Amino acid sequence: MELTRRQLFQWGARLGAAGAAGWVLTQSSQAQAASQSPPSSQKGMLIDITRCVGCRLCERACASKWGLDPTDEHPSNQWTWLTQVASADGPRYVRNQCFHCLDPACVSACPVAALRKTAEGAVIYEEARCLGCRYCMLACPFQIPRYEWHSWNPAVTKCVFCYDRLAEGEAPACAVACPTGATLFGDREALLAEARRRIAAHPDRYVPHIYGEHEAGGTAWLFLSDVPFEELGFRTDVPTQAPPRRTDAIMRLVPPVAGGLVAALGALAWWNQQEEAGPGVDRGPEPKAERDDEGGPSA
């Protein structure tokens, strides 16, 4: 069967598309499972803003645990920090730190696996692997990771959820230090149940929303408040779908589609070569030039 150039290219494109579809079907579920912690092991923190008095013991506990200078107010030296926000009936104190997303965009964006998620749900950073691309800072929907611009050997800094304590079954240092119960540590599912219980028991005290339950696909850190979250500086435009789920399927198409395209272009180049060579024709021996009696070519 003879194939035209157009047909050959179409078949190459179809093979590439088929390979892409098969790759996505077999890989997407595995990738999603690898980037997420099982619900049974996912730890979390419930921050009740109505109970925070602004004592900043959480900041000091974090600094002591990780050897940070509590007097250094440079943003990269603060892994957790309080922001005072004025409201109609007095100030509110808002905890700021890494949200430890269930499906973290920073982990997906890092090209060298300097960021990874532990079995307990902490998103941790390995400085030795980091090449300083700062893709994590661009990928984070909450704009949390910070960079040591002032250092000759800069690194990315953020809360690492006291992952070593979590691995031992202990609460993070900030949760232990909190004297008012504004910071509660436990299994994420149990914390969600507790948050719903508080809202149902005191509907006049809380905004009927648990921040972090669905934002960016869900986060380990959950927040309750009596003031609308947008008034406290929380991002309310964050999509509920995890950013990696939006880009993962597209990015995983690249290798098989590129392979299919290379195969199609290779077949097209081969076809062009055959077209230019044309069918083989036997032209016989080349005629010899006639010579005169003196040995020169005849006129």
# chains A, B, ... in the order shown; residues from 1 in each chain; ligands from 1

$ closest_atom_pairs --of "stretch 65-159 of chain A" --to "stretch 171-190 of chain A" --cutoff "10 Å" --atoms "only C-alpha atoms" --output "JSON lines"
{"residue": "A:Lys65", "atom": "CA", "partner": "A:Ala173", "partner_atom": "CA", "distance": 6.9}
{"residue": "A:Trp66", "atom": "CA", "partner": "A:Ala173", "partner_atom": "CA", "distance": 9.8}
{"residue": "A:Thr80", "atom": "CA", "partner": "A:Cys174", "partner_atom": "CA", "distance": 8.9}
{"residue": "A:Arg95", "atom": "CA", "partner": "A:Thr183", "partner_atom": "CA", "distance": 9.5}
{"residue": "A:Glu120", "atom": "CA", "partner": "A:Asp187", "partner_atom": "CA", "distance": 9.4}
{"residue": "A:Gly121", "atom": "CA", "partner": "A:Arg188", "partner_atom": "CA", "distance": 9.7}

$ closest_atom_pairs --of "stretch 67-100 of chain A" --to "stretch 216-231 of chain A" --cutoff "12 Å" --atoms "only C-alpha atoms" --output "CSV"
residue,atom,partner,partner_atom,distance
A:Gln84,CA,A:Glu231,CA,11.7
A:Val85,CA,A:Glu231,CA,8.4
A:Ala86,CA,A:Glu231,CA,9.2
A:Ser87,CA,A:Val227,CA,8.0
A:Ala88,CA,A:Val227,CA,9.5
A:Asp89,CA,A:Val227,CA,10.0
A:Gly90,CA,A:Val227,CA,10.9
A:Pro91,CA,A:Val227,CA,10.5
A:Arg92,CA,A:Val227,CA,8.6
A:Tyr93,CA,A:Ser225,CA,10.3
A:Val94,CA,A:Phe223,CA,9.4
A:Arg95,CA,A:Phe223,CA,9.2
A:Asn96,CA,A:Trp221,CA,10.2
A:Gln97,CA,A:Trp221,CA,9.1
A:Cys98,CA,A:Trp221,CA,8.2
A:Phe99,CA,A:Trp221,CA,5.2
A:His100,CA,A:Ala220,CA,5.4

$ select_by_dssp --residues "stretch 68-286 of chain A" --states "helix (DSSP H, G or I)" --output "PyMOL selection string"
chain A and resi 75-77+105-109+127-129+135-139+163-167+173-177+188-201+215-217+229-232+243-251+254-277

$ residues_around --residues "stretch 233-238 of chain A" --least-positions-apart "5" --cutoff "8 Å" --atoms "only C-alpha atoms" --output "number ranges by chain"
A: 141-142, 215-216

$ write_last_selection --atoms "C-alpha atoms" --output "PDB file, in the first residue's frame"
ATOM      1  CA  PRO A 141      -0.349  30.248  46.011  1.00  0.00           C
ATOM      2  CA  PHE A 142       0.141  31.842  49.449  1.00  0.00           C
ATOM      3  CA  GLU A 215      -8.093  26.303  49.496  1.00  0.00           C
ATOM      4  CA  ALA A 216      -5.417  25.151  47.025  1.00  0.00           C
TER       5      ALA A 216
END

$ atom_distance --atom1 "atom CA of A:Ala258" --atom2 "atom CA of A:Gln273"
22.4 Å

$ closest_residue --among "A:Leu131, A:Tyr163, A:Lys43, A:Ala155" --to "A:Leu102" --atoms "only C-alpha atoms"
A:Lys43

$ atom_distance --atom1 "atom CA of A:Glu59" --atom2 "atom CA of A:Ile47"
14.1 Å

$ select_by_dssp --residues "stretch 38-283 of chain A" --states "strand (DSSP E or B)" --output "ChimeraX atom specification"
/A:43-48,81-85,92-96,101,115-117,123-125,146-147,156-157,183-187,211,219,221-224

$ closest_residue --among "A:Pro145, A:Thr118, A:Ala193, A:Leu138" --to "A:Asp164" --atoms "only C-alpha atoms"
A:Thr118

$ atom_distance --atom1 "atom CA of A:Arg116" --atom2 "atom CA of A:Arg165"
16.7 Å

$ closest_residue --among "A:Met137, A:Val156, A:Ser64, A:Glu127" --to "A:Pro104" --atoms "only C-alpha atoms"
A:Met137

$ decode --residues "stretch 142-182 of chain A" --atoms "N, CA and C atoms" --output "short mmCIF file (atom, residue, chain, number, x, y, z; two decimals), in the first residue's frame"
data_model
loop_
_atom_site.label_atom_id
_atom_site.label_comp_id
_atom_site.auth_asym_id
_atom_site.auth_seq_id
_atom_site.Cartn_x
_atom_site.Cartn_y
_atom_site.Cartn_z
N PHE A 142 0.24 30.97 48.27
CA PHE A 142 0.14 31.84 49.45
C PHE A 142 1.36 32.76 49.60
N GLN A 143 2.31 32.65 48.67
CA GLN A 143 3.51 33.51 48.65
C GLN A 143 4.26 33.45 49.99
N ILE A 144 4.53 32.24 50.44
CA ILE A 144 5.17 32.04 51.74
C ILE A 144 6.69 31.90 51.67
N PRO A 145 7.28 31.07 50.81
CA PRO A 145 8.74 30.90 50.85
C PRO A 145 9.48 32.22 50.67
N ARG A 146 10.55 32.38 51.43
CA ARG A 146 11.36 33.59 51.37
C ARG A 146 12.80 33.24 51.03
N TYR A 147 13.52 34.22 50.52
CA TYR A 147 14.88 33.99 50.04
C TYR A 147 15.85 34.87 50.81
N GLU A 148 17.01 34.33 51.13
CA GLU A 148 18.03 35.07 51.88
C GLU A 148 18.84 35.95 50.93
N TRP A 149 18.21 37.02 50.47
CA TRP A 149 18.88 37.90 49.52
C TRP A 149 20.13 38.54 50.11
N HIS A 150 20.15 38.71 51.43
CA HIS A 150 21.25 39.40 52.08
C HIS A 150 22.46 38.49 52.31
N SER A 151 22.32 37.18 52.07
CA SER A 151 23.38 36.22 52.38
C SER A 151 24.26 35.95 51.16
N TRP A 152 25.55 35.67 51.41
CA TRP A 152 26.44 35.30 50.31
C TRP A 152 26.18 33.87 49.84
N ASN A 153 25.51 33.10 50.70
CA ASN A 153 25.15 31.72 50.35
C ASN A 153 23.65 31.55 50.64
N PRO A 154 22.80 32.15 49.83
CA PRO A 154 21.37 32.23 50.16
C PRO A 154 20.65 30.89 50.07
N ALA A 155 19.58 30.80 50.83
CA ALA A 155 18.72 29.61 50.82
C ALA A 155 17.28 30.08 50.90
N VAL A 156 16.37 29.17 50.60
CA VAL A 156 14.95 29.43 50.77
C VAL A 156 14.59 29.11 52.21
N THR A 157 13.76 29.93 52.83
CA THR A 157 13.38 29.69 54.23
C THR A 157 11.87 29.64 54.36
N LYS A 158 11.40 28.78 55.25
CA LYS A 158 9.98 28.65 55.54
C LYS A 158 9.81 27.69 56.71
N CYS A 159 8.62 27.66 57.28
CA CYS A 159 8.29 26.70 58.33
C CYS A 159 8.38 25.29 57.77
N VAL A 160 8.97 24.38 58.55
CA VAL A 160 9.08 22.98 58.12
C VAL A 160 8.25 22.07 59.02
N PHE A 161 7.32 22.67 59.77
CA PHE A 161 6.33 21.91 60.55
C PHE A 161 6.98 21.01 61.60
N CYS A 162 8.17 21.38 62.08
CA CYS A 162 8.88 20.56 63.08
C CYS A 162 8.79 19.08 62.70
N TYR A 163 9.21 18.78 61.48
CA TYR A 163 9.03 17.43 60.93
C TYR A 163 9.71 16.36 61.77
N ASP A 164 10.81 16.72 62.45
CA ASP A 164 11.49 15.74 63.28
C ASP A 164 10.64 15.37 64.49
N ARG A 165 9.94 16.34 65.05
CA ARG A 165 9.04 16.06 66.18
C ARG A 165 7.82 15.26 65.71
N LEU A 166 7.31 15.60 64.54
CA LEU A 166 6.16 14.85 64.00
C LEU A 166 6.52 13.39 63.80
N ALA A 167 7.74 13.13 63.33
CA ALA A 167 8.17 11.75 63.08
C ALA A 167 8.23 10.95 64.38
N GLU A 168 8.41 11.65 65.50
CA GLU A 168 8.45 11.00 66.82
C GLU A 168 7.09 11.01 67.50
N GLY A 169 6.08 11.51 66.82
CA GLY A 169 4.74 11.56 67.40
C GLY A 169 4.52 12.72 68.34
N GLU A 170 5.37 13.75 68.27
CA GLU A 170 5.26 14.90 69.15
C GLU A 170 4.69 16.10 68.40
N ALA A 171 4.12 17.04 69.14
CA ALA A 171 3.56 18.25 68.56
C ALA A 171 4.67 19.24 68.23
N PRO A 172 4.45 20.10 67.23
CA PRO A 172 5.44 21.13 66.91
C PRO A 172 5.69 22.06 68.10
N ALA A 173 6.85 22.70 68.09
CA ALA A 173 7.26 23.54 69.21
C ALA A 173 6.28 24.68 69.45
N CYS A 174 5.74 25.27 68.40
CA CYS A 174 4.83 26.41 68.58
C CYS A 174 3.53 25.98 69.24
N ALA A 175 3.05 24.78 68.91
CA ALA A 175 1.80 24.30 69.52
C ALA A 175 2.00 24.02 71.01
N VAL A 176 3.16 23.50 71.37
CA VAL A 176 3.45 23.23 72.78
C VAL A 176 3.54 24.53 73.57
N ALA A 177 4.06 25.58 72.94
CA ALA A 177 4.29 26.84 73.65
C ALA A 177 3.03 27.68 73.81
N CYS A 178 2.01 27.46 73.00
CA CYS A 178 0.81 28.30 73.03
C CYS A 178 0.07 28.15 74.37
N PRO A 179 -0.13 29.23 75.12
CA PRO A 179 -0.75 29.12 76.44
C PRO A 179 -2.28 29.22 76.43
N THR A 180 -2.88 29.58 75.31
CA THR A 180 -4.33 29.83 75.29
C THR A 180 -5.12 28.80 74.48
N GLY A 181 -4.43 27.84 73.87
CA GLY A 181 -5.13 26.87 73.04
C GLY A 181 -5.49 27.40 71.66
N ALA A 182 -4.87 28.52 71.27
CA ALA A 182 -5.13 29.08 69.94
C ALA A 182 -4.51 28.22 68.86
#
